[in-house]
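Here's the structure, in structure tokens; my notes come after.
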Amino acid sequence: MTHHPERKPLHGKIALVAGATRGAGRGIAVELGAAGATVYVTGRTTRARRSEYDRAETIEDTADLVTAAGGHGIAVPTDHLEHEQVRTLVERIDREQGRLDVLVNDIWGGEHLFGWDAPVWEHDLDKGLRLLRLAVETHAVTSHFALPLLLRHPGGLVVEVTDGTAEYNGVNYRNSFFYDLAKASVLRMGFALGHELGPRGASAVALTPGWMRSEIMLDTFGVTEETWRDALADEPHFAISETPRYVGRAVAALAADPDVARFNGTSLSSGGLAQVYGFTDLDGSRPDAWRYLVEVQDAGKPADVTGYR
């Protein structure tokens with residue numbers, strides 16, 4: 001009898017991570033790859049051309065990381081505000097794979113567009129409206145074109161990536177009018193898609209990472225993933241932070257769960273799902289940022305992650 005190596009949990013599954021150039025999108029794409037999936041990664045920054053972010057990360061780099069992790073990464077340059085580009089992307093996935101099992105709507109692109117604590121009448125209006133287009137309209141466009149393919153086979157999953165849980169954002173003002181509205185909208189999309197997909201054999205959730213050590217966040221603090229603790233001198237609460245791979249493991253766990261429909265239409269967090277599925281961040285810890293935020297940081301207590309990671 002020949003021995004067959006253990007099949008990875010997402011072997012044969014096809015995923016699209018929309019907005020996978022960096023940050024959560026890259027972490028999610030890599031972890032889906034590590035679980036054996038074929039992952040289409042999209043974004044506007046390629047090795048040939050940068051987006052308005054003007055940063056070095058590219059979708060080709062993400063695709064290579066997916067493949068190196070054990071999956072198959074395919075980079076497709078896509079501006080998700082351009083309907084024909086998204087239609088063509090989905091037609092390509094259909095032509096090459098004939099199915100779509102996981103759609104991750106992670107497009108954001110608003111890092112340089114919102115002013116912290118700037119009221120709506122003082123906020124740059126063009127930037128605010130551009131943020132809403134990039135953070136909300138892109139998700140709607142992508143769902144419109146991709147969901148017929150996802151619904152072709154039962155068991156599909158849509159993950160709407162946001163910042164904050166419905167519980168937290170429901171009672172907390174998030175940075176500015178435009179930022180708050182964008183993140184609330186994506187939370188609500190997870191809810192609405194749950195109603196539309198559930199009866200048709202698929203599931204949708206909204207998912208938030210905690211305080212994520214994205215490339216931009218590390219640069220902001222002037223640290224690297226290896227030296228991130230050096231930032232604690234300036235911001236002690238950064239001790240609760242997590243890598244982008246942590247939310248990636250949350251998505252991989254959801255995608256591999258045959259009972260994922262139990263979460264349909266709900267708001268989830270990386271830290272909360274780590275308690276459900278038992279995965280850890282890369283360092284073996286399980287940071288629970290949203291519980292920490294309420295019970296320690298917002299409560300005005302000194303930074304202490306004991307019991308929270």
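Within each chain, counting starts at residue 1; across the structure tokens, chains are named A, B, ... in the order shown, with ligands numbered 1 upward in that order.
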* Residue contacts of A:Phe221 (10 Å, only C-alpha atoms) excluding same-chain residues fewer than 4 positions away, as a PyMOL selection string -> chain A and resi 213+216-217+228+230-232+234-235
* To do: Give the helix (DSSP H, G or I) residues of stretch 26-258 of chain A, as DSSP finds them on the backbone, and put them as number ranges by chain.
  => A: 26-34, 59-68, 83-97, 125-150, 166-171, 177-200, 215-221, 228-233, 236-240, 244-256
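What separates atom CA of A:Pro258 from atom CA of A:Val102 is a distance of 13.1 Å.
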* Asked: Quick one: of A:Gly248, A:Arg92, A:Ala192, A:Ala34, who's nearest to A:Ala20, counting only C-alpha atoms?
  -> A:Gly248
* To do: Mind checking which residues fall within 9 Å of stretch 237-246 of chain A, counting only C-alpha atoms, ignoring those fewer than 5 positions away in the same chain, and posting them as a PyMOL selection string?
  => chain A and resi 22-31+209-214+225+228-229+231-232+251+270-271+274+279-282+286-289+292-293+296-297+302-305+308-309
Could you save those same residues with C-alpha atoms as a CSV table (one decimal), in the first residue's frame?
```
chain,number,residue,atom,x,y,z
A,22,ARG,CA,0.5,44.2,1.5
A,23,GLY,CA,-0.9,44.2,5.0
A,24,ALA,CA,-3.8,41.9,5.9
A,25,GLY,CA,-4.4,40.9,2.3
A,26,ARG,CA,-0.8,39.6,1.9
A,27,GLY,CA,-1.0,37.8,5.2
A,28,ILE,CA,-4.3,36.2,4.2
A,29,ALA,CA,-3.1,35.2,0.8
A,30,VAL,CA,0.1,33.6,2.2
A,31,GLU,CA,-1.8,31.6,4.8
A,209,PRO,CA,-7.5,41.8,12.6
A,210,GLY,CA,-6.3,43.4,15.8
A,211,TRP,CA,-3.5,46.0,16.0
A,212,MET,CA,-1.6,44.7,13.0
A,213,ARG,CA,2.1,45.0,12.3
A,214,SER,CA,1.6,45.8,8.7
A,225,GLU,CA,9.2,42.7,12.4
A,228,TRP,CA,9.0,45.6,16.7
A,229,ARG,CA,9.2,45.6,20.5
A,231,ALA,CA,8.3,50.6,19.5
A,232,LEU,CA,6.9,49.8,23.0
A,251,VAL,CA,-9.3,33.1,7.1
A,270,SER,CA,-8.6,37.2,14.5
A,271,GLY,CA,-8.2,37.0,18.3
A,274,ALA,CA,-7.9,31.9,17.5
A,279,PHE,CA,-4.3,28.6,15.8
A,280,THR,CA,-1.6,31.0,17.0
A,281,ASP,CA,0.3,33.9,15.6
A,282,LEU,CA,3.8,33.3,14.2
A,286,ARG,CA,-2.8,34.3,20.7
A,287,PRO,CA,-3.3,38.1,21.0
A,288,ASP,CA,-6.9,39.1,21.7
A,289,ALA,CA,-6.7,42.7,20.7
A,292,TYR,CA,-7.6,44.1,25.4
A,293,LEU,CA,-8.6,47.4,23.8
A,296,VAL,CA,-7.1,47.8,29.3
A,297,GLN,CA,-6.4,50.5,26.7
A,302,PRO,CA,-1.3,50.7,32.0
A,303,ALA,CA,-0.2,48.5,29.2
A,304,ASP,CA,-0.1,44.8,30.4
A,305,VAL,CA,-0.9,42.0,27.9
A,308,TYR,CA,-4.5,38.8,26.5
A,309,ARG,CA,-1.9,36.9,24.4
```
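Proximity of A:Thr165, A:Thr138, A:Thr67, A:Thr220 to A:Thr38, computed with only C-alpha atoms, is greatest for A:Thr67.
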* Structure fact -> Min atom-atom distance to A:Leu129 from the set A:Gly190, A:Pro148, A:Gly110, A:Gly43, counting only C-alpha atoms, belongs to A:Gly110
* Asked: Pick the closest to A:His123 from A:Asn169, A:Thr78, A:Ser176, A:Ser269: which is it, counting only C-alpha atoms?
  -> A:Ser176
* Asked: Just asking: which residues within stretch 18-183 of chain A are strand (DSSP E or B) according to DSSP, as a ChimeraX atom specification?
  -> /A:18,38-43,72-77,102-105,157-161
What does the file look like for those residues with N, CA, C and O atoms, as a PDB file, in the first residue's frame?
```
ATOM      1  N   ALA A  18      -8.717  40.001  -2.961  1.00  0.00           N
ATOM      2  CA  ALA A  18      -8.771  41.307  -3.614  1.00  0.00           C
ATOM      3  C   ALA A  18      -8.163  42.339  -2.678  1.00  0.00           C
ATOM      4  O   ALA A  18      -8.678  42.586  -1.593  1.00  0.00           O
ATOM      5  N   THR A  38      -4.992  27.521  -4.285  1.00  0.00           N
ATOM      6  CA  THR A  38      -4.554  28.367  -5.395  1.00  0.00           C
ATOM      7  C   THR A  38      -5.145  29.742  -5.138  1.00  0.00           C
ATOM      8  O   THR A  38      -6.366  29.878  -4.953  1.00  0.00           O
ATOM      9  N   VAL A  39      -4.289  30.762  -5.091  1.00  0.00           N
ATOM     10  CA  VAL A  39      -4.735  32.087  -4.672  1.00  0.00           C
ATOM     11  C   VAL A  39      -4.444  33.124  -5.754  1.00  0.00           C
ATOM     12  O   VAL A  39      -3.285  33.356  -6.115  1.00  0.00           O
ATOM     13  N   TYR A  40      -5.508  33.738  -6.259  1.00  0.00           N
ATOM     14  CA  TYR A  40      -5.368  34.884  -7.154  1.00  0.00           C
ATOM     15  C   TYR A  40      -5.234  36.122  -6.273  1.00  0.00           C
ATOM     16  O   TYR A  40      -6.079  36.362  -5.402  1.00  0.00           O
ATOM     17  N   VAL A  41      -4.155  36.880  -6.477  1.00  0.00           N
ATOM     18  CA  VAL A  41      -3.922  38.067  -5.664  1.00  0.00           C
ATOM     19  C   VAL A  41      -3.973  39.294  -6.559  1.00  0.00           C
ATOM     20  O   VAL A  41      -3.352  39.341  -7.623  1.00  0.00           O
ATOM     21  N   THR A  42      -4.741  40.284  -6.131  1.00  0.00           N
ATOM     22  CA  THR A  42      -4.910  41.486  -6.944  1.00  0.00           C
ATOM     23  C   THR A  42      -4.520  42.733  -6.176  1.00  0.00           C
ATOM     24  O   THR A  42      -4.477  42.757  -4.948  1.00  0.00           O
ATOM     25  N   GLY A  43      -4.229  43.760  -6.932  1.00  0.00           N
ATOM     26  CA  GLY A  43      -3.865  45.057  -6.396  1.00  0.00           C
ATOM     27  C   GLY A  43      -3.404  45.929  -7.540  1.00  0.00           C
ATOM     28  O   GLY A  43      -3.381  45.500  -8.700  1.00  0.00           O
ATOM     29  N   HIS A  72      -0.374  28.016  -4.647  1.00  0.00           N
ATOM     30  CA  HIS A  72      -0.075  28.477  -6.003  1.00  0.00           C
ATOM     31  C   HIS A  72      -0.563  29.912  -6.101  1.00  0.00           C
ATOM     32  O   HIS A  72      -1.774  30.167  -6.094  1.00  0.00           O
ATOM     33  N   GLY A  73       0.370  30.859  -6.153  1.00  0.00           N
ATOM     34  CA  GLY A  73       0.012  32.266  -6.213  1.00  0.00           C
ATOM     35  C   GLY A  73      -0.019  32.784  -7.637  1.00  0.00           C
ATOM     36  O   GLY A  73       0.892  32.521  -8.420  1.00  0.00           O
ATOM     37  N   ILE A  74      -1.068  33.505  -7.970  1.00  0.00           N
ATOM     38  CA  ILE A  74      -1.241  34.072  -9.308  1.00  0.00           C
ATOM     39  C   ILE A  74      -1.565  35.561  -9.158  1.00  0.00           C
ATOM     40  O   ILE A  74      -2.607  35.925  -8.614  1.00  0.00           O
ATOM     41  N   ALA A  75      -0.658  36.426  -9.626  1.00  0.00           N
ATOM     42  CA  ALA A  75      -0.847  37.870  -9.508  1.00  0.00           C
ATOM     43  C   ALA A  75      -1.585  38.410 -10.729  1.00  0.00           C
ATOM     44  O   ALA A  75      -1.186  38.145 -11.862  1.00  0.00           O
ATOM     45  N   VAL A  76      -2.661  39.159 -10.475  1.00  0.00           N
ATOM     46  CA  VAL A  76      -3.419  39.779 -11.564  1.00  0.00           C
ATOM     47  C   VAL A  76      -3.620  41.262 -11.235  1.00  0.00           C
ATOM     48  O   VAL A  76      -4.409  41.605 -10.348  1.00  0.00           O
ATOM     49  N   PRO A  77      -2.907  42.158 -11.939  1.00  0.00           N
ATOM     50  CA  PRO A  77      -3.084  43.590 -11.673  1.00  0.00           C
ATOM     51  C   PRO A  77      -4.540  43.994 -11.902  1.00  0.00           C
ATOM     52  O   PRO A  77      -5.094  43.737 -12.976  1.00  0.00           O
ATOM     53  N   VAL A 102     -13.325  30.817  -2.286  1.00  0.00           N
ATOM     54  CA  VAL A 102     -13.140  31.835  -1.245  1.00  0.00           C
ATOM     55  C   VAL A 102     -12.907  33.194  -1.899  1.00  0.00           C
ATOM     56  O   VAL A 102     -12.024  33.331  -2.754  1.00  0.00           O
ATOM     57  N   LEU A 103     -13.694  34.186  -1.499  1.00  0.00           N
ATOM     58  CA  LEU A 103     -13.473  35.565  -1.932  1.00  0.00           C
ATOM     59  C   LEU A 103     -13.157  36.385  -0.689  1.00  0.00           C
ATOM     60  O   LEU A 103     -13.945  36.418   0.262  1.00  0.00           O
ATOM     61  N   VAL A 104     -12.002  37.026  -0.681  1.00  0.00           N
ATOM     62  CA  VAL A 104     -11.629  37.925   0.409  1.00  0.00           C
ATOM     63  C   VAL A 104     -11.625  39.345  -0.129  1.00  0.00           C
ATOM     64  O   VAL A 104     -10.808  39.695  -0.986  1.00  0.00           O
ATOM     65  N   ASN A 105     -12.561  40.159   0.362  1.00  0.00           N
ATOM     66  CA  ASN A 105     -12.621  41.568  -0.016  1.00  0.00           C
ATOM     67  C   ASN A 105     -11.794  42.359   0.996  1.00  0.00           C
ATOM     68  O   ASN A 105     -12.269  42.682   2.095  1.00  0.00           O
ATOM     69  N   LEU A 157     -17.215  30.808   0.536  1.00  0.00           N
ATOM     70  CA  LEU A 157     -17.038  31.727   1.662  1.00  0.00           C
ATOM     71  C   LEU A 157     -16.595  33.091   1.169  1.00  0.00           C
ATOM     72  O   LEU A 157     -15.680  33.204   0.357  1.00  0.00           O
ATOM     73  N   VAL A 158     -17.238  34.142   1.692  1.00  0.00           N
ATOM     74  CA  VAL A 158     -16.821  35.517   1.440  1.00  0.00           C
ATOM     75  C   VAL A 158     -16.383  36.124   2.765  1.00  0.00           C
ATOM     76  O   VAL A 158     -17.085  36.016   3.775  1.00  0.00           O
ATOM     77  N   VAL A 159     -15.202  36.741   2.761  1.00  0.00           N
ATOM     78  CA  VAL A 159     -14.684  37.405   3.953  1.00  0.00           C
ATOM     79  C   VAL A 159     -14.534  38.892   3.653  1.00  0.00           C
ATOM     80  O   VAL A 159     -13.770  39.278   2.765  1.00  0.00           O
ATOM     81  N   GLU A 160     -15.265  39.703   4.383  1.00  0.00           N
ATOM     82  CA  GLU A 160     -15.160  41.162   4.278  1.00  0.00           C
ATOM     83  C   GLU A 160     -14.215  41.634   5.378  1.00  0.00           C
ATOM     84  O   GLU A 160     -14.530  41.547   6.570  1.00  0.00           O
ATOM     85  N   VAL A 161     -13.038  42.122   4.993  1.00  0.00           N
ATOM     86  CA  VAL A 161     -12.030  42.520   5.974  1.00  0.00           C
ATOM     87  C   VAL A 161     -12.220  43.993   6.334  1.00  0.00           C
ATOM     88  O   VAL A 161     -12.266  44.863   5.456  1.00  0.00           O
TER      89      VAL A 161
END
```
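Comparing the minimum interatomic distances between A:Asp124 and each of A:Thr208, A:Phe177, A:Val90, A:Leu150, counting only C-alpha atoms, we find that A:Phe177 sits nearest.
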* Asked: Which is closest to A:Leu193 among A:Val223, A:Leu134, A:His139, A:Asp106, if we use only C-alpha atoms?
  -> A:His139
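For the pair atom CA of A:Lys127 and atom CA of A:His112, the separation is 8.5 Å.
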